[in-house]
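**Student:** Here it is: the structure, laid out below.
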Amino acid sequence: MKRLPSLNQMLARLIALPSVSSVSPEFDMSNRAVIDELAGWCEAAGFDVAITPIDGNPAKANLVATLGRGPGGLVLAGHTDTVPCNPELWRQDPFRLTERDGRLYGLGTSDMKSFLALALEAARDFTAEQFHQPLVILATADEESSMAGAKAIRAAGRPLGRHAVIGEPTGLRPVRMHKGILMEGIRLTGRSGHSSDPRLGNNALEGMHRAITEIIAWRAELQARYNNPLFRVSGPTLNLGHIHGGDNPNRICGRCELHIDLRPLPGMDLDELRQALASRLERSLADTGLELEVFRLFDGTPAMETPADAPVVRAAESLTGHAAEAVAFGTEGPYLRDLDMDVVVLGPGDIDQAHQPDEYLSLNRIEPTLDVLRSLIRGFCIDPVR
């Protein structure tokens, strides 16, 4: 029977297997090598294993590994993909685990392949016979690009557990709330012409000036209406991130496009925000004669909020000594919440290491993380009171 490798061996192997996901096809990769490796380790640890390819993309897959049986239980979840990287900016090979100065360097050490190895290591000493509720290790595809893996888990509708821990980098401080992400494009089409006579065209760039004014006014209204002091930035943010229009100064601009990023608070519905944006722009531009298109740059990720009194939140707070926090970055949490799970985000990495050259995980986070995970497994899977 295949044996579960050591923790260091698992960490090194996960980092060595490239699994970049990207909205740019030239960077996007399969995650199957990582999934297959994890599946073999889970089987060696006694888990029942299911690998599910993502519809429409057989190069991508999710893994659901289950130890024990029962209606509730604990899910330890992580994504298998990383963002692209620039190897020339790293001091070492991003795909080789390198220990230096009390740190483990490599792409995915902090965000967040290491958590999957730590989850397996924490489960090493338990057997299925000890469990009154199941332990599930969930490994997903494409969190960094499309959330396709988490969406597939939600669409399948299969109950995985009652309590979930997502090992995103939080500095081992529990997180029970995060903002959502909405990215929209606004395209205005007018009519080009010679700049010497404005009557010859309809300037899309001037129309976009009016649209931007409307968007900034809408932002102010949203920030006045919605506020949550638990977040470091307590209101929703709206960033004007990209604009392009026209092609020459002596030509009336015939087309202009703007991309925006909106980070809503829990309680703000993505579809309602989209409808409000489109309606406001339609009214603002109604007399311009310009053609307006408002379109999604990606599907968006909802905000997440888990009740402060949820058992997994209380347990995470007790074990770490930190009150649960709120963060601005998004996770797969909302999709697990839709499956009736209470979700806490808790991982050993640091968010300021994510997506950076020389990404690392501090060695002094490993044992505390294992202690927390073992305690959570005992509390939610082995303790019959849970």
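Residues are named by chain letter and number: chains run A, B, ... in the order of the structure tokens, numbers start at 1 in each chain, and ligands are numbered from 1 in the order shown.
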Neighbours of Asp261 of chain A within 12 Å (only C-alpha atoms; same-chain residues fewer than 5 positions away dropped), as a list in words?
**Tutor:**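 The filter keeps Gly180, Ile181, Leu182, Met183, Glu184, Gly185, Ile186, Ile215, Arg219, Pro236, Thr237, Leu238, Asn239, Leu240, Gly241, His242, Leu273, Arg274, Arg296, Leu297, Phe298, Gly300 and Thr301 of chain A.
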**Student:** Excluding same-chain residues fewer than 3 positions from Arg374 of chain A, what lies within 10 Å of it counting only C-alpha atoms, as a VMD selection string?
**Tutor:** chain A and resid 119 121 to 126 368 to 371 377 to 379
**Student:** Next, the residues of the selection above should be written as a PDB file, in the first residue's frame with C-alpha atoms.
**Tutor:**
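Below is the file again.pdb, written as the result:
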```
ATOM      1  CA  ALA A 119      -4.497  19.330   6.245  1.00  0.00           C
ATOM      2  CA  GLU A 121      -0.507  16.004   7.884  1.00  0.00           C
ATOM      3  CA  ALA A 122      -3.023  16.970  10.573  1.00  0.00           C
ATOM      4  CA  ALA A 123      -5.211  14.007   9.592  1.00  0.00           C
ATOM      5  CA  ARG A 124      -2.294  11.542   9.557  1.00  0.00           C
ATOM      6  CA  ASP A 125      -2.817  10.164  13.080  1.00  0.00           C
ATOM      7  CA  PHE A 126      -6.575   9.616  12.805  1.00  0.00           C
ATOM      8  CA  PRO A 368       0.686  26.163  15.287  1.00  0.00           C
ATOM      9  CA  THR A 369      -1.354  25.467  12.159  1.00  0.00           C
ATOM     10  CA  LEU A 370      -1.123  21.711  12.684  1.00  0.00           C
ATOM     11  CA  ASP A 371      -2.163  22.132  16.322  1.00  0.00           C
ATOM     12  CA  ILE A 377     -10.682  17.647  13.605  1.00  0.00           C
ATOM     13  CA  ARG A 378     -11.083  16.298  17.131  1.00  0.00           C
ATOM     14  CA  GLY A 379     -13.754  18.839  17.997  1.00  0.00           C
TER      15      GLY A 379
END
```
**Student:** Determine, using only C-alpha atoms, which residues of segment 206-251 of chain A have any atom at most 12 Å from an atom of segment 303-317 of chain A, and tabulate each with its shortest atom pair and distance in Å to one decimal place, rows ordered by chain and then rising number, as JSON lines.
**Tutor:**
```
{"residue": "A:Asn228", "atom": "CA", "partner": "A:Glu305", "partner_atom": "CA", "distance": 11.7}
{"residue": "A:Leu230", "atom": "CA", "partner": "A:Glu305", "partner_atom": "CA", "distance": 11.5}
{"residue": "A:Phe231", "atom": "CA", "partner": "A:Glu305", "partner_atom": "CA", "distance": 11.9}
{"residue": "A:Pro236", "atom": "CA", "partner": "A:Ala303", "partner_atom": "CA", "distance": 10.8}
```
**Student:** Those same residues, written as an mmCIF file, in the first residue's frame with C-alpha atoms?
**Tutor:**
```
data_model
loop_
_atom_site.group_PDB
_atom_site.id
_atom_site.type_symbol
_atom_site.label_atom_id
_atom_site.label_comp_id
_atom_site.auth_asym_id
_atom_site.auth_seq_id
_atom_site.Cartn_x
_atom_site.Cartn_y
_atom_site.Cartn_z
ATOM 1 C CA ASN A 228 -19.353 48.058 8.261
ATOM 2 C CA LEU A 230 -15.343 45.612 11.072
ATOM 3 C CA PHE A 231 -13.611 46.169 7.744
ATOM 4 C CA PRO A 236 -17.659 49.505 -0.477
#
```
**Student:** Neighbours of Asp247 of chain A within 12 Å (only C-alpha atoms; same-chain residues fewer than 5 positions away dropped), as a PDB file with N, CA and C atoms, in the first residue's frame?
**Tutor:**
```
ATOM      1  N   SER A 192     -16.882  58.515 -35.408  1.00  0.00           N
ATOM      2  CA  SER A 192     -15.630  59.234 -35.613  1.00  0.00           C
ATOM      3  C   SER A 192     -15.797  60.282 -36.711  1.00  0.00           C
ATOM      4  N   GLY A 193     -14.836  61.185 -36.789  1.00  0.00           N
ATOM      5  CA  GLY A 193     -14.853  62.245 -37.800  1.00  0.00           C
ATOM      6  C   GLY A 193     -13.651  63.152 -37.600  1.00  0.00           C
ATOM      7  N   ALA A 204     -17.266  59.672 -28.241  1.00  0.00           N
ATOM      8  CA  ALA A 204     -17.488  58.688 -27.180  1.00  0.00           C
ATOM      9  C   ALA A 204     -16.668  59.013 -25.938  1.00  0.00           C
ATOM     10  N   LEU A 205     -15.529  59.650 -26.119  1.00  0.00           N
ATOM     11  CA  LEU A 205     -14.697  59.998 -24.971  1.00  0.00           C
ATOM     12  C   LEU A 205     -15.372  61.075 -24.112  1.00  0.00           C
ATOM     13  N   ILE A 252     -12.151  62.555 -34.062  1.00  0.00           N
ATOM     14  CA  ILE A 252     -13.180  62.430 -33.035  1.00  0.00           C
ATOM     15  C   ILE A 252     -13.243  60.978 -32.563  1.00  0.00           C
ATOM     16  N   CYS A 253     -13.264  60.803 -31.247  1.00  0.00           N
ATOM     17  CA  CYS A 253     -13.227  59.450 -30.668  1.00  0.00           C
ATOM     18  C   CYS A 253     -14.538  58.721 -30.950  1.00  0.00           C
ATOM     19  N   GLY A 254     -14.456  57.619 -31.671  1.00  0.00           N
ATOM     20  CA  GLY A 254     -15.650  56.858 -32.024  1.00  0.00           C
ATOM     21  C   GLY A 254     -16.018  55.774 -31.039  1.00  0.00           C
ATOM     22  N   ARG A 255     -15.067  55.380 -30.180  1.00  0.00           N
ATOM     23  CA  ARG A 255     -15.359  54.328 -29.204  1.00  0.00           C
ATOM     24  C   ARG A 255     -14.487  54.543 -27.973  1.00  0.00           C
ATOM     25  N   CYS A 256     -15.073  54.302 -26.803  1.00  0.00           N
ATOM     26  CA  CYS A 256     -14.339  54.435 -25.547  1.00  0.00           C
ATOM     27  C   CYS A 256     -14.801  53.339 -24.591  1.00  0.00           C
TER      28      CYS A 256
END
```
**Student:** With distances taken over only C-alpha atoms, which residue among A:Asn364, A:Thr288, A:Gln275, A:Ser21 lies nearest Gly190 of chain A?
**Tutor:**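 Nearest candidate to Gly190 of chain A out of A:Asn364, A:Thr288, A:Gln275, A:Ser21: A:Thr288.
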**Student:** Considering only C-alpha atoms, can you say which of A:Met147, A:Ile351, A:Pro134, A:Pro25 comes closest to Ile54 of chain A?
**Tutor:**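 Using only C-alpha atoms, Ile54 of chain A sits closest to A:Met147.
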**Student:** Find the residues near segment 111-115 of chain A: any atom within 7 Å, counting only C-alpha atoms, skip ones fewer than 2 places away on the same chain, and give them as a ChimeraX atom specification.
**Tutor:** /A:11,14,78-80,108-109,117-119,167-169,347,349,354
**Student:** In segment 11-246 of chain A, what's alpha helix (DSSP H) per DSSP? Answer as an MDAnalysis selection string?
**Tutor:** chainID A and resid 11:16 32:44 113:123 148:156 204:225
**Student:** Considering only C-alpha atoms, return as a ChimeraX atom specification whatever protein or nucleic-acid residues lie within 12 Å of Gly157 of chain A, sequence-local ones (same chain, fewer than 2 positions apart) excluded.
**Tutor:** /A:150-155,159-161,335-341
**Student:** Go ahead and dump the residues you just picked, N, CA and C atoms, as an mmCIF file, in the first residue's frame.
**Tutor:**
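And here is the file that came out, again.cif:
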```
data_model
loop_
_atom_site.group_PDB
_atom_site.id
_atom_site.type_symbol
_atom_site.label_atom_id
_atom_site.label_comp_id
_atom_site.auth_asym_id
_atom_site.auth_seq_id
_atom_site.Cartn_x
_atom_site.Cartn_y
_atom_site.Cartn_z
ATOM 1 N N ALA A 150 -15.087 25.988 -7.422
ATOM 2 C CA ALA A 150 -16.056 26.232 -6.353
ATOM 3 C C ALA A 150 -17.478 26.279 -6.904
ATOM 4 N N LYS A 151 -17.654 26.865 -8.066
ATOM 5 C CA LYS A 151 -18.985 26.907 -8.670
ATOM 6 C C LYS A 151 -19.480 25.510 -9.008
ATOM 7 N N ALA A 152 -18.561 24.630 -9.450
ATOM 8 C CA ALA A 152 -18.958 23.255 -9.758
ATOM 9 C C ALA A 152 -19.369 22.511 -8.489
ATOM 10 N N ILE A 153 -18.672 22.760 -7.393
ATOM 11 C CA ILE A 153 -19.040 22.142 -6.114
ATOM 12 C C ILE A 153 -20.436 22.596 -5.705
ATOM 13 N N ARG A 154 -20.688 23.895 -5.840
ATOM 14 C CA ARG A 154 -22.015 24.414 -5.489
ATOM 15 C C ARG A 154 -23.087 23.835 -6.400
ATOM 16 N N ALA A 155 -22.803 23.786 -7.705
ATOM 17 C CA ALA A 155 -23.800 23.290 -8.656
ATOM 18 C C ALA A 155 -24.130 21.823 -8.411
ATOM 19 N N PRO A 159 -24.053 17.759 -0.158
ATOM 20 C CA PRO A 159 -23.594 18.226 1.162
ATOM 21 C C PRO A 159 -22.220 17.640 1.475
ATOM 22 N N LEU A 160 -21.287 18.489 1.852
ATOM 23 C CA LEU A 160 -19.934 18.040 2.156
ATOM 24 C C LEU A 160 -19.664 18.008 3.653
ATOM 25 N N GLY A 161 -20.277 18.896 4.399
ATOM 26 C CA GLY A 161 -20.051 18.985 5.831
ATOM 27 C C GLY A 161 -20.827 20.166 6.377
ATOM 28 N N TYR A 335 -19.505 30.216 -1.957
ATOM 29 C CA TYR A 335 -20.028 29.043 -2.642
ATOM 30 C C TYR A 335 -20.220 27.883 -1.666
ATOM 31 N N LEU A 336 -19.368 27.791 -0.654
ATOM 32 C CA LEU A 336 -19.568 26.784 0.388
ATOM 33 C C LEU A 336 -20.707 27.182 1.319
ATOM 34 N N ARG A 337 -20.845 28.461 1.580
ATOM 35 C CA ARG A 337 -21.980 28.939 2.384
ATOM 36 C C ARG A 337 -23.301 28.568 1.708
ATOM 37 N N ASP A 338 -23.340 28.603 0.385
ATOM 38 C CA ASP A 338 -24.558 28.240 -0.342
ATOM 39 C C ASP A 338 -24.926 26.771 -0.163
ATOM 40 N N LEU A 339 -23.967 25.957 0.290
ATOM 41 C CA LEU A 339 -24.230 24.547 0.576
ATOM 42 C C LEU A 339 -24.490 24.323 2.067
ATOM 43 N N ASP A 340 -24.906 25.385 2.750
ATOM 44 C CA ASP A 340 -25.304 25.322 4.157
ATOM 45 C C ASP A 340 -24.135 24.968 5.067
ATOM 46 N N MET A 341 -22.961 25.489 4.748
ATOM 47 C CA MET A 341 -21.803 25.329 5.619
ATOM 48 C C MET A 341 -21.512 26.650 6.312
#
```
**Student:** If you run DSSP on the backbone here, which positions in segment 200-343 of chain A get strand (DSSP E)? Please write them as a ChimeraX atom specification.
**Tutor:** /A:237-245,255-263,291-296,304-305,325-327,342-343
